[in-house]
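**Q** Structure file final25.txt (compact mmCIF, C-alpha atoms and all ligand atoms) right here:
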# COMPACT_ATOMS: atom_id res chain seq x y z
CA MET A 1 115.47 -64.33 75.40
CA GLU A 2 113.54 -67.28 74.16
CA VAL A 3 110.62 -68.21 76.40
CA ILE A 4 109.66 -71.86 76.62
CA TRP A 5 108.52 -73.58 79.82
CA ALA A 6 110.16 -76.53 81.58
CA LEU A 7 108.75 -75.42 84.92
CA ASN A 8 105.14 -74.59 85.42
CA ILE A 9 104.69 -73.82 89.08
CA SER A 10 102.01 -71.47 90.26
CA TRP A 11 103.24 -69.17 93.05
CA ASP A 12 101.40 -67.11 95.64
CA ALA A 13 103.83 -64.23 95.12
CA GLU A 14 102.48 -62.13 97.99
CA LYS A 15 102.80 -64.92 100.55
CA TYR A 16 106.19 -65.91 99.13
CA THR A 17 107.44 -62.36 99.68
CA SER A 18 105.87 -61.80 103.11
CA ASP A 19 106.32 -65.20 104.79
CA PHE A 20 109.35 -66.69 103.05
CA SER A 21 111.67 -63.69 102.82
CA PHE A 22 114.51 -65.81 104.27
CA VAL A 23 114.93 -67.23 100.74
CA HIS A 24 116.46 -63.97 99.50
CA GLN A 25 117.82 -62.79 102.87
CA TYR A 26 120.12 -65.80 103.01
CA GLY A 27 120.99 -65.21 99.34
CA ASN A 28 122.70 -61.93 100.24
CA SER A 29 125.91 -63.65 101.40
CA LEU A 30 126.03 -65.56 98.10
CA LEU A 31 126.47 -62.23 96.33
CA ASP A 32 129.83 -61.85 98.09
CA LEU A 33 131.21 -64.63 95.87
CA ILE A 34 131.03 -62.38 92.80
CA ASP A 35 134.50 -61.17 91.77
CA GLY A 36 134.67 -57.75 90.13
CA GLU A 37 132.70 -54.55 89.81
CA ASN A 38 130.16 -53.12 87.37
CA LEU A 39 129.49 -56.53 85.86
CA THR A 40 126.57 -57.61 83.71
CA VAL A 41 124.66 -60.13 85.83
CA LEU A 42 121.70 -62.35 85.01
CA ASP A 43 119.74 -63.34 88.13
CA LEU A 44 118.37 -66.66 86.98
CA GLY A 45 115.14 -67.56 88.78
CA CYS A 46 114.97 -64.08 90.28
CA GLY A 47 111.62 -64.65 92.04
CA ASN A 48 110.38 -61.39 93.54
CA GLY A 49 113.53 -59.56 92.40
CA ALA A 50 114.93 -58.85 95.89
CA LEU A 51 118.40 -60.15 94.99
CA THR A 52 118.33 -58.55 91.53
CA LYS A 53 117.85 -55.28 93.39
CA GLU A 54 120.72 -56.08 95.75
CA LEU A 55 122.96 -56.83 92.73
CA ALA A 56 122.06 -53.41 91.30
CA VAL A 57 122.69 -51.72 94.66
CA ARG A 58 126.16 -53.28 94.61
CA GLY A 59 126.78 -51.51 91.30
CA HIS A 60 126.18 -54.31 88.83
CA ASP A 61 124.13 -54.06 85.64
CA ALA A 62 121.63 -56.67 86.82
CA GLU A 63 118.59 -58.16 85.15
CA GLY A 64 116.23 -60.82 86.39
CA MET A 65 114.61 -63.77 84.72
CA ASP A 66 111.95 -66.08 86.10
CA ALA A 67 109.46 -68.59 84.74
CA SER A 68 106.67 -67.40 87.03
CA GLU A 69 104.43 -64.61 85.79
CA GLU A 70 103.14 -64.08 89.35
CA LEU A 71 106.62 -63.56 90.80
CA LEU A 72 107.68 -61.37 87.87
CA HIS A 73 104.66 -59.16 88.45
CA THR A 74 105.80 -58.65 92.06
CA ALA A 75 109.40 -58.06 90.95
CA ARG A 76 108.36 -55.43 88.39
CA THR A 77 106.01 -53.73 90.86
CA ASN A 78 108.64 -53.59 93.63
CA HIS A 79 111.55 -52.63 91.36
CA PRO A 80 110.21 -50.76 88.31
CA GLU A 81 113.69 -49.39 87.55
CA LEU A 82 115.09 -52.88 86.85
CA ARG A 83 114.75 -55.17 83.82
CA PHE A 84 112.90 -58.48 84.30
CA GLN A 85 112.11 -61.06 81.65
CA GLN A 86 110.12 -64.24 81.63
CA GLY A 87 112.13 -67.30 80.69
CA ASP A 88 113.09 -70.83 81.55
CA ALA A 89 116.56 -71.86 82.75
CA VAL A 90 116.52 -75.05 80.68
CA ARG A 91 115.81 -73.20 77.41
CA LEU A 92 117.82 -70.08 78.19
CA ARG A 93 119.03 -68.22 75.11
CA THR A 94 120.32 -64.70 75.62
CA GLU A 95 120.92 -61.93 73.12
CA LYS A 96 124.24 -61.06 74.73
CA PRO A 97 126.64 -62.95 77.00
CA TYR A 98 126.90 -61.97 80.67
CA ASP A 99 129.86 -61.61 83.05
CA VAL A 100 127.95 -63.49 85.73
CA VAL A 101 125.00 -65.85 85.95
CA PHE A 102 123.73 -65.84 89.52
CA SER A 103 121.08 -68.16 90.91
CA ASN A 104 119.68 -68.65 94.40
CA ALA A 105 117.35 -71.48 95.48
CA VAL A 106 116.37 -72.49 91.96
CA PHE A 107 118.29 -75.49 90.57
CA HIS A 108 116.59 -78.03 92.89
CA TRP A 109 113.37 -77.38 90.95
CA ILE A 110 114.97 -78.69 87.73
CA ASP A 111 114.91 -82.48 87.15
CA ARG A 112 118.26 -84.31 87.22
CA GLU A 113 117.91 -85.23 83.50
CA LEU A 114 117.51 -81.58 82.53
CA GLN A 115 120.50 -80.29 84.51
CA PRO A 116 123.15 -80.87 81.75
CA GLU A 117 120.98 -79.00 79.27
CA MET A 118 120.49 -76.14 81.71
CA LEU A 119 124.24 -75.93 82.41
CA ALA A 120 124.94 -75.93 78.65
CA ARG A 121 122.52 -73.03 78.17
CA ILE A 122 124.16 -71.13 81.07
CA PHE A 123 127.61 -71.84 79.60
CA ASP A 124 126.49 -70.27 76.31
CA ALA A 125 125.05 -67.29 78.16
CA LEU A 126 128.41 -66.45 79.78
CA LYS A 127 131.38 -64.54 78.42
CA PRO A 128 134.73 -66.40 78.43
CA GLN A 129 135.81 -66.64 82.08
CA GLY A 130 132.32 -65.61 83.10
CA GLN A 131 131.23 -66.64 86.59
CA LEU A 132 128.42 -69.00 87.51
CA ILE A 133 127.51 -68.48 91.15
CA PHE A 134 124.68 -70.42 92.70
CA GLU A 135 123.21 -72.03 95.75
CA PHE A 136 120.40 -74.53 96.01
CA GLY A 137 119.24 -77.50 98.08
CA GLY A 138 122.06 -80.03 98.42
CA TYR A 139 122.16 -83.67 99.42
CA GLY A 140 120.06 -84.22 102.56
CA ASN A 141 118.07 -81.01 102.13
CA ASN A 142 114.77 -81.27 104.03
CA ALA A 143 115.40 -84.98 104.56
CA LEU A 144 113.41 -84.99 107.81
CA ILE A 145 110.45 -83.26 106.17
CA HIS A 146 110.37 -85.46 103.07
CA GLY A 147 110.95 -88.56 105.21
CA ALA A 148 107.90 -87.77 107.36
CA LEU A 149 105.75 -87.04 104.31
CA ARG A 150 106.91 -90.26 102.65
CA ARG A 151 105.98 -92.30 105.75
CA GLU A 152 102.49 -90.73 105.81
CA PHE A 153 102.01 -91.52 102.10
CA GLU A 154 103.19 -95.09 102.57
CA LYS A 155 100.92 -95.67 105.59
CA ARG A 156 98.08 -94.98 103.13
CA LYS A 157 99.60 -97.25 100.44
CA LEU A 158 100.44 -94.20 98.34
CA ALA A 159 103.77 -93.56 96.58
CA TYR A 160 105.69 -90.41 97.48
CA HIS A 161 107.61 -89.04 94.50
CA MET A 162 110.41 -86.77 95.61
CA PRO A 163 109.76 -83.54 93.69
CA PHE A 164 113.25 -82.01 94.04
CA TYR A 165 116.85 -82.66 93.00
CA PHE A 166 119.32 -82.42 95.90
CA PRO A 167 122.74 -83.62 94.69
CA THR A 168 126.02 -84.21 96.49
CA ILE A 169 129.04 -81.99 95.84
CA GLY A 170 130.65 -84.82 93.86
CA GLU A 171 127.68 -85.33 91.58
CA TYR A 172 127.11 -81.67 90.86
CA THR A 173 130.72 -80.61 90.39
CA SER A 174 131.08 -83.51 87.92
CA LEU A 175 128.13 -82.15 85.95
CA LEU A 176 129.74 -78.71 85.99
CA GLU A 177 133.07 -80.07 84.72
CA GLN A 178 131.36 -82.15 82.04
CA GLY A 179 129.69 -78.92 80.98
CA GLY A 180 133.04 -77.18 80.53
CA PHE A 181 133.10 -75.25 83.80
CA LEU A 182 136.08 -74.98 86.11
CA VAL A 183 134.83 -75.34 89.70
CA ARG A 184 136.44 -72.78 91.97
CA SER A 185 134.61 -73.66 95.18
CA ALA A 186 131.85 -75.96 96.36
CA LEU A 187 130.40 -76.29 99.82
CA LEU A 188 127.63 -78.41 101.33
CA LEU A 189 126.41 -76.80 104.52
CA ASP A 190 123.63 -77.40 107.02
CA ARG A 191 121.50 -74.33 107.52
CA PRO A 192 118.54 -74.93 109.84
CA THR A 193 116.15 -72.20 108.78
CA LYS A 194 113.63 -70.55 111.08
CA LEU A 195 110.13 -70.45 109.61
CA ASN A 196 107.57 -67.75 110.30
CA GLY A 197 104.64 -68.29 112.64
CA GLY A 198 103.12 -71.04 114.75
CA ASP A 199 102.12 -72.92 111.59
CA GLY A 200 105.48 -72.34 109.92
CA LEU A 201 106.12 -75.92 108.86
CA TYR A 202 102.53 -76.53 107.73
CA ASP A 203 102.66 -73.31 105.66
CA TRP A 204 106.07 -74.26 104.22
CA VAL A 205 104.79 -77.66 103.03
CA ARG A 206 101.68 -76.05 101.54
CA MET A 207 103.80 -73.45 99.75
CA PHE A 208 106.59 -75.60 98.36
CA VAL A 209 105.58 -79.29 98.20
CA LYS A 210 102.83 -79.41 95.61
CA THR A 211 103.34 -82.15 93.02
CA PRO A 212 103.26 -85.20 95.38
CA PHE A 213 99.72 -84.17 96.35
CA GLU A 214 98.40 -83.77 92.83
CA GLY A 215 95.35 -85.99 92.26
CA LEU A 216 94.85 -86.68 95.99
CA HIS A 217 91.57 -85.86 97.67
CA PRO A 218 92.09 -82.54 99.52
CA ALA A 219 91.02 -84.13 102.82
CA VAL A 220 93.65 -86.87 102.44
CA ALA A 221 96.34 -84.31 101.57
CA GLU A 222 95.36 -82.27 104.64
CA GLU A 223 95.50 -85.33 106.91
CA ILE A 224 98.95 -86.31 105.55
CA ILE A 225 100.39 -82.85 106.07
CA GLN A 226 98.94 -82.46 109.57
CA SER A 227 100.23 -85.90 110.63
CA ALA A 228 103.70 -85.27 109.20
CA VAL A 229 103.88 -81.88 110.93
CA GLU A 230 102.89 -83.44 114.26
CA GLU A 231 105.52 -86.15 113.84
CA LEU A 232 108.16 -83.51 113.11
CA ARG A 233 107.29 -81.32 116.08
CA ALA A 234 109.72 -83.29 118.28
CA VAL A 235 112.69 -82.56 116.00
CA LEU A 236 111.93 -79.33 114.15
CA TYR A 237 110.08 -77.22 116.74
CA HIS A 238 112.34 -75.49 119.25
CA GLY A 239 111.74 -72.60 121.63
CA GLY A 240 108.38 -71.71 120.07
CA SER A 241 109.58 -71.74 116.43
CA TRP A 242 109.66 -74.14 113.55
CA TYR A 243 112.95 -74.79 111.72
CA ALA A 244 113.29 -76.42 108.31
CA ASP A 245 116.28 -78.76 107.93
CA TYR A 246 117.93 -76.95 105.04
CA VAL A 247 121.21 -78.10 103.49
CA ARG A 248 122.74 -75.80 100.90
CA LEU A 249 125.01 -76.61 97.99
CA ARG A 250 126.92 -73.40 97.29
CA CYS A 251 129.27 -73.21 94.28
CA LYS A 252 131.35 -70.89 92.22
CA ALA A 253 132.44 -72.05 88.76
CA VAL A 254 133.91 -70.25 85.78
CA LYS A 255 133.46 -70.75 82.08
CA ALA A 256 136.85 -72.29 81.41
CA PRO A 257 138.89 -70.30 78.90
CA PRO A 258 140.32 -72.35 75.97
CA GLU A 259 143.78 -72.75 77.55
CA ARG A 260 142.09 -74.56 80.45
CA GLU A 261 140.33 -77.11 78.26
CA ALA A 262 143.34 -79.41 78.42
CA ILE A 263 142.70 -80.28 82.07
CA PHE A 264 139.43 -81.93 81.11
CA THR A 265 141.06 -84.25 78.56
CA LEU A 266 143.87 -85.65 80.75
C1 LIG A 301 115.24 -74.87 99.20
O1 LIG A 301 115.47 -73.67 99.09
O2 LIG A 301 116.11 -75.68 99.54
C2 LIG A 301 113.90 -75.40 98.88
C3 LIG A 301 112.81 -74.57 99.01
C4 LIG A 301 111.58 -75.07 98.69
C5 LIG A 301 111.43 -76.36 98.27
C6 LIG A 301 112.54 -77.17 98.15
C7 LIG A 301 113.78 -76.69 98.47
Could you quickly redo this structure as structure tokens?

**A**
Amino acid sequence: MEVIWALNISWDAEKYTSDFSFVHQYGNSLLDLIDGENLTVLDLGCGNGALTKELAVRGHDAEGMDASEELLHTARTNHPELRFQQGDAVRLRTEKPYDVVFSNAVFHWIDRELQPEMLARIFDALKPQGQLIFEFGGYGNNALIHGALRREFEKRKLAYHMPFYFPTIGEYTSLLEQGGFLVRSALLLDRPTKLNGGDGLYDWVRMFVKTPFEGLHPAVAEEIIQSAVEELRAVLYHGGSWYADYVRLRCKAVKAPPEREAIFTL
């Protein structure tokens, strides 16, 4: 695989694995969308490799790819029997085509402008009728959290630049069809997600929302996060736990075989 970087995020792999394990635990049900047995599967944005392992346990010939050296190190340490490679979804070039490209909680990190290129690279990486199965943050994902952060930025006359791409079903299935895929199913679902610990929301923001704070004085960043968390306590803290307002876009699409191309030209 060719390795060029469109994403350059530094991860605390240990904390990601210990405190944010819900990312891959929820991904387990996504695996049920795969049709067939003993398939070659690329786990795109495999993170710590937990779902790559689950794919292998289910009998597939699975390999993982991620842009993060830190997460790959954890994946290789935890699952030395599996193959992991460093690579970038937007520049993906594979030596062989796969039956399935699988991806959990990754595509929202890719800018809207780069999505068609990424889908084209995935299309090329699939065999005819190969399956693309993925889930990521859909329209409205973490709207309460980003809204509170935005208000705290604006109170300080600072601009809040939304660092993620959370599309509607309509927008994303159109991109898939323009890329030659036949969409088999698409679902936008609310999934309030319990966070670990008394500082769960504070830790979540620190872990995942990095770019809006770049260039800010650390004390200002701290004040913004603390104020946003306090504002959100009334809506996201229930029964002693924090919940993030997750919305998932879950899709299954297939690389349309040639006889299906006609439906895109009607
Ligand atoms: C998500 O899985 O929806 C997500 C996680 C971290 C940051 C943004 C979105």

**Q** So, with all atoms listed in the file as the atoms that count, which of A:Cys251, A:Ala148, A:Ala256, A:Leu176 lies closest to Gln226 in chain A?

**A**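 Among the listed residues, the smallest separation from Gln226 in chain A belongs to A:Ala148.
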
**Q** In Å, how far is it from CA of Glu70 in chain A to CA of Asp88 in chain A?

**A**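 For CA of Glu70 in chain A relative to CA of Asp88 in chain A, the distance reads 14.3 Å.
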
**Q** Which residue is closest to ligand LIG 301 (chain A)? Choose from A:Thr173, A:Ser103, A:Gln178, A:Ser241 and count all atoms listed in the file.

**A** A:Ser103

**Q** Give one line per residue of chain A that approaches ligand LIG 301 (chain A) to at most 7 Å, naming the two atoms of the closest pair and their distance in Å to one decimal, counting only C-alpha atoms and all ligand atoms; sort by chain then ascending residue number and deliver it as CSV.

**A**
residue,atom,partner,partner_atom,distance
A:Val23,CA,A:LIG301,O1,6.7
A:Ala105,CA,A:LIG301,O1,4.6
A:His108,CA,A:LIG301,C7,6.4
A:Phe136,CA,A:LIG301,O2,5.7
A:Gly137,CA,A:LIG301,O2,3.9
A:Asn141,CA,A:LIG301,O2,6.2
A:Phe164,CA,A:LIG301,C6,6.4
A:Phe208,CA,A:LIG301,C5,4.9
A:Val209,CA,A:LIG301,C5,6.5
A:Tyr246,CA,A:LIG301,O2,5.9
A:Val247,CA,A:LIG301,O2,6.9
A:Arg248,CA,A:LIG301,O2,6.8

**Q** What's around Leu158 in chain A at 12 Å? Count all atoms listed in the file, leave out sequence neighbours fewer than 3 positions away in its own chain, and write the answer as a ChimeraX atom specification.

**A** /A:149-155,161,212-216,220-221,224

**Q** In Å, how far is it from CA of Phe181 in chain A to CA of Asp99 in chain A?

**A**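 Distance between the two atoms: 14.0 Å.
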
**Q** Pull the neighbourhood of (124.0, -60.5, 89.7) for me: all residues within 8 Å in file coordinates, counting only C-alpha atoms, as a list of chain:residue names.

**A**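 Residues lying no farther than 8 Å from the given point: A:Leu31, A:Ile34, A:Leu39, A:Thr40, A:Val41, A:Leu42, A:Asp43, A:Leu51, A:Thr52, A:Leu55, A:Ala56, A:His60, A:Asp61, A:Ala62, A:Glu63, A:Val100, A:Val101, A:Phe102.
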
**Q** Please indicate the distance in Å from CA of Pro167 in chain A to CA of Phe84 in chain A, rounded to one decimal place.

**A**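 These atoms are spaced 28.9 Å apart.
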
**Q** Please provide the set of residues having any atom within 12 Å of Gln129 in chain A, restricted to all atoms listed in the file, with same-chain residues fewer than 4 positions apart removed, written as an MDAnalysis selection string.

**A** chainID A and resid 35 97:101 123:125 180:184 252:260

**Q** With 6 Å added on each side, what axis-aligned box encloses every listed atom of range 225-230 of chain A? Give the centre and edge lengths in Å to one decimal, as lines of an AutoDock Vina configuration file.

**A**
center_x = 101.4
center_y = -83.9
center_z = 110.2
size_x = 16.9
size_y = 16.0
size_z = 20.2

**Q** Around (107.1, -83.0, 116.9) in the file's frame, which residues reach within 12 Å when counting all atoms listed in the file? Return as a list in words?

**A** Leu144, Ile145, Ala148, Leu201, Gln226, Ser227, Ala228, Val229, Glu230, Glu231, Leu232, Arg233, Ala234, Val235, Leu236, Tyr237, His238, Gly240, Ser241, Trp242 and Tyr243 of chain A

**Q** Which one is closest to Gly170 in chain A: A:Leu195, A:Ile225, A:Leu249, A:Ile133? Count all atoms listed in the file.

**A**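 Of A:Leu195, A:Ile225, A:Leu249, A:Ile133, the one nearest Gly170 in chain A is A:Leu249, counting all atoms listed in the file.
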
**Q** Let me make sure I understand: among A:Gln115, A:Asn78, A:Cys46, A:Lys127, which one has the smallest atom-to-atom distance to Lys96 in chain A if we use only C-alpha atoms?

**A** A:Lys127
